[in-house]
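Q: Quick one: this structure, given as structure tokens, is what I'll be asking you about.
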Amino acid sequence: MDKYSSHLSNSIYSMYTSNEKQKIISKNLFPSRPWMASSGACAAAGGGSKGLKGIIAGGITGGIEICITFPTEYVKTQLQLDEKTKTGVKQYNGIVDCVKKTVKTHGFLGLYRGLSVLLYGSIPKSAVRFGAFEELKKRSVDSQGNLSPGKRLLCGLGAGVSEAILAVTPMETVKVKFINDQRSANPRFRGFFHGVGVIIKEQGLKGTYQGLTATIIKQGSNQAMRFYVMETLKNWYRGGDPNKNVPKLIVGGFGAVAGAVSVFGNTPVDVVKTRMQGLEASKYKNTFDCFLKIWKYEGPKAFYKGTVPRLSRVCLDVAITFMIYDSFMDLFNKFWK
């Protein structure tokens with residue numbers, strides 16, 4: 001194509017109104033010039049910045065969400081780490097007992113032990129998750145802006161694997177070690193940076209990457225299920241129109257459903273991951289060995305330890321997360337073109 005023809009096409013395109021331009025984009029009225037629909041003047045407004053918007057909105061969302069839901073995460077982790085002692089006695093008899101003993105021993109703020117770790121980690125975790133999903137989604141939607149069922153699953157999987165490697169594994173490993181440290185007779189960690197320093201000094205950087213395989217499986221399956229359910233329910237509500245607004249309360253309801261599906265789908269992986277990241281992780285050769293030992297010595301029910309507190313936390317977590325995220329994305333799309 002010569003420069004004159006290219007200039008003429010762009011000049012003709014510039015004569016359309018903004019609404020007509022959107023129709024051109026959605027209907028691809030330049031089939032012989034595909035670059036007109038994806039770049040230059042004909043590109044959708046803000047399309048190139050969608051991944052960046054997702055990163056910023058996701059980061060803000062992660063910080064707010066974890067401050068609201070952390071106590072349930074603390075209880076879940078304590079119950080998953082609670083193994084029978086040599087006398088056959090467990091430390092906790094359930095959720096209420098765990099909360100009562102924690103508050104009695106460490107005060108109400110004891111339920112927030114390890115919050116700083118998740119707070120430092122949740123911001124980049126959510127930023128990576130939503131940024132990766134938006135970028136993958138942008139590259140996978142059809143001409144109408146919709147994702148096929150298979151691509152919903154793959155985009156969610158990609159988002160989960162990305163956050164597992166870049167943020168979740170080190171964050172979760174340090175968090176579990178902090179909570180596990182509190183269970184010992186003489187806690188060693190005096191704070192976030194002191195605890196991280198001790199871990200790295202004694203175990204090296206790999207000490208913050210324990211349970212990587214289990215975390216990738218967990219986060220990958222988690223986000224694959226959550227984004228698949230969310231995108232499917234949103235698509236159902238919109239009737240196939242990607243521009244139709246979904247009320248935030250309905251988004252929250254969809255998020256709770258997506259969270260519940262992910263809990264029942266991968267709690268066994270979460271239990272193995274938690275054990276692999278605990279202070280006694282050295283007794284397991286690898287992720288599969290951990291799975292076998294739990295099955296052999298504790299039975300299959302052990303793979304669903306902490307399901308109830310995790311269910312309540314995750315449903316609330318995912319509902320709040322998607323509501324906050326959608327709100328910030330709406331705000332960004334309004335003022336950030």
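Each chain in the structure tokens gets a letter, A, B and so on, in the order shown; residues start at 1 in every chain, and ligands are counted from 1 in the order they appear.
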Would you mind listing what lies within 8 Å of Lys175 in chain A as number ranges by chain, with only C-alpha atoms counted and same-chain residues fewer than 5 positions away left out?
A: A: 114, 117-118
Q: With N, CA and C atoms retained, export the selected residues as a short mmCIF file (atom, residue, chain, number, x, y, z; two decimals), in the first residue's frame.
A:
```cif
data_model
loop_
_atom_site.label_atom_id
_atom_site.label_comp_id
_atom_site.auth_asym_id
_atom_site.auth_seq_id
_atom_site.Cartn_x
_atom_site.Cartn_y
_atom_site.Cartn_z
N GLY A 114 0.73 -11.48 60.84
CA GLY A 114 1.11 -11.78 59.47
C GLY A 114 0.42 -10.89 58.45
N VAL A 117 2.66 -9.04 56.00
CA VAL A 117 3.18 -9.86 54.90
C VAL A 117 2.19 -9.89 53.74
N LEU A 118 0.93 -10.14 54.05
CA LEU A 118 -0.07 -10.20 52.98
C LEU A 118 -0.34 -8.83 52.40
#
```
Q: Ranking A:Val168, A:Ala127, A:Ala258, A:Ala57 by minimum distance to Met225 in chain A and counting only C-alpha atoms, which one comes first?
A: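 Nearest to Met225 in chain A: A:Ala258.
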Q: Please report the interatomic distance between CA of Asn93 in chain A and CA of Tyr112 in chain A in Å with one decimal.
A: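 CA of Asn93 in chain A sits 20.2 Å away from CA of Tyr112 in chain A.
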Q: With distances taken over only C-alpha atoms, which of A:Ile200, A:Met329, A:Lys206, A:Gln182 is nearest to Gly51 in chain A?
A: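 Under the stated criterion, the closest residue is A:Met329.
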Q: Can you build me a table of range 74-142 of chain A residues sitting at most 8 Å from range 272-288 of chain A, with the closest atom pair per residue and its distance in Å to one decimal, using only C-alpha atoms, sorted by chain and residue number, as a tab-separated table?
A:
```
residue	atom	partner	partner_atom	distance
A:Thr77	CA	A:Thr274	CA	7.3
A:Gln80	CA	A:Thr274	CA	7.2
A:Leu81	CA	A:Arg275	CA	6.7
```
Q: Would you put the residues from that selection into a file with N, CA, C and O atoms, as a JSON list (two decimals), in the first residue's frame?
A:
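Printed below is result.json as written:
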```json
[["chain", "number", "residue", "atom", "x", "y", "z"],
["A", 77, "THR", "N", -5.41, -20.82, 58.03],
["A", 77, "THR", "CA", -4.02, -21.29, 58.03],
["A", 77, "THR", "C", -3.69, -22.03, 59.32],
["A", 77, "THR", "O", -3.02, -23.08, 59.30],
["A", 80, "GLN", "N", -5.16, -25.50, 59.16],
["A", 80, "GLN", "CA", -4.47, -26.36, 58.21],
["A", 80, "GLN", "C", -3.11, -26.83, 58.75],
["A", 80, "GLN", "O", -2.64, -27.92, 58.42],
["A", 81, "LEU", "N", -2.50, -26.02, 59.58],
["A", 81, "LEU", "CA", -1.21, -26.38, 60.17],
["A", 81, "LEU", "C", -1.35, -27.25, 61.41],
["A", 81, "LEU", "O", -0.37, -27.80, 61.91]]
```
Q: For each of A:Glu231, A:Asp289, A:Glu172, A:Asp330, take the minimum atom-to-atom distance to Tyr74 in chain A, counting only C-alpha atoms, then give the residue where this is smallest.
A: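 Among the listed residues, A:Glu172 lies closest to Tyr74 in chain A.
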Q: Which value, in Å to one decimal, gives the distance between CA of Ile250 in chain A and CA of Tyr228 in chain A?
A: 16.2 Å
Q: Run DSSP on the backbone of this structure and report the residues of range 36-279 of chain A it assigns to alpha helix (DSSP H), as a PyMOL selection string.
A: chain A and resi 36-38+50-81+95-106+115-140+149-163+169-183+192-203+212-238+248-277
Q: Give me, please, the distance in Å between CA of Ser143 in chain A and CA of Lys50 in chain A, quoted to one decimal.
A: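 These atoms are spaced 16.8 Å apart.
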Q: Just want the 7 Å neighbourhood of Thr173 in chain A, counted on only C-alpha atoms, with same-chain residues fewer than 6 positions away dropped. Output as a PyMOL selection string.
A: chain A and resi 208-210+277
Q: Can you pull out every residue within 8 Å of range 187-195 of chain A, counting only C-alpha atoms, but drop anything in the same chain fewer than 3 positions away, and send it as a ChimeraX atom specification?
A: /A:114,116-117,178,181-184,198-199
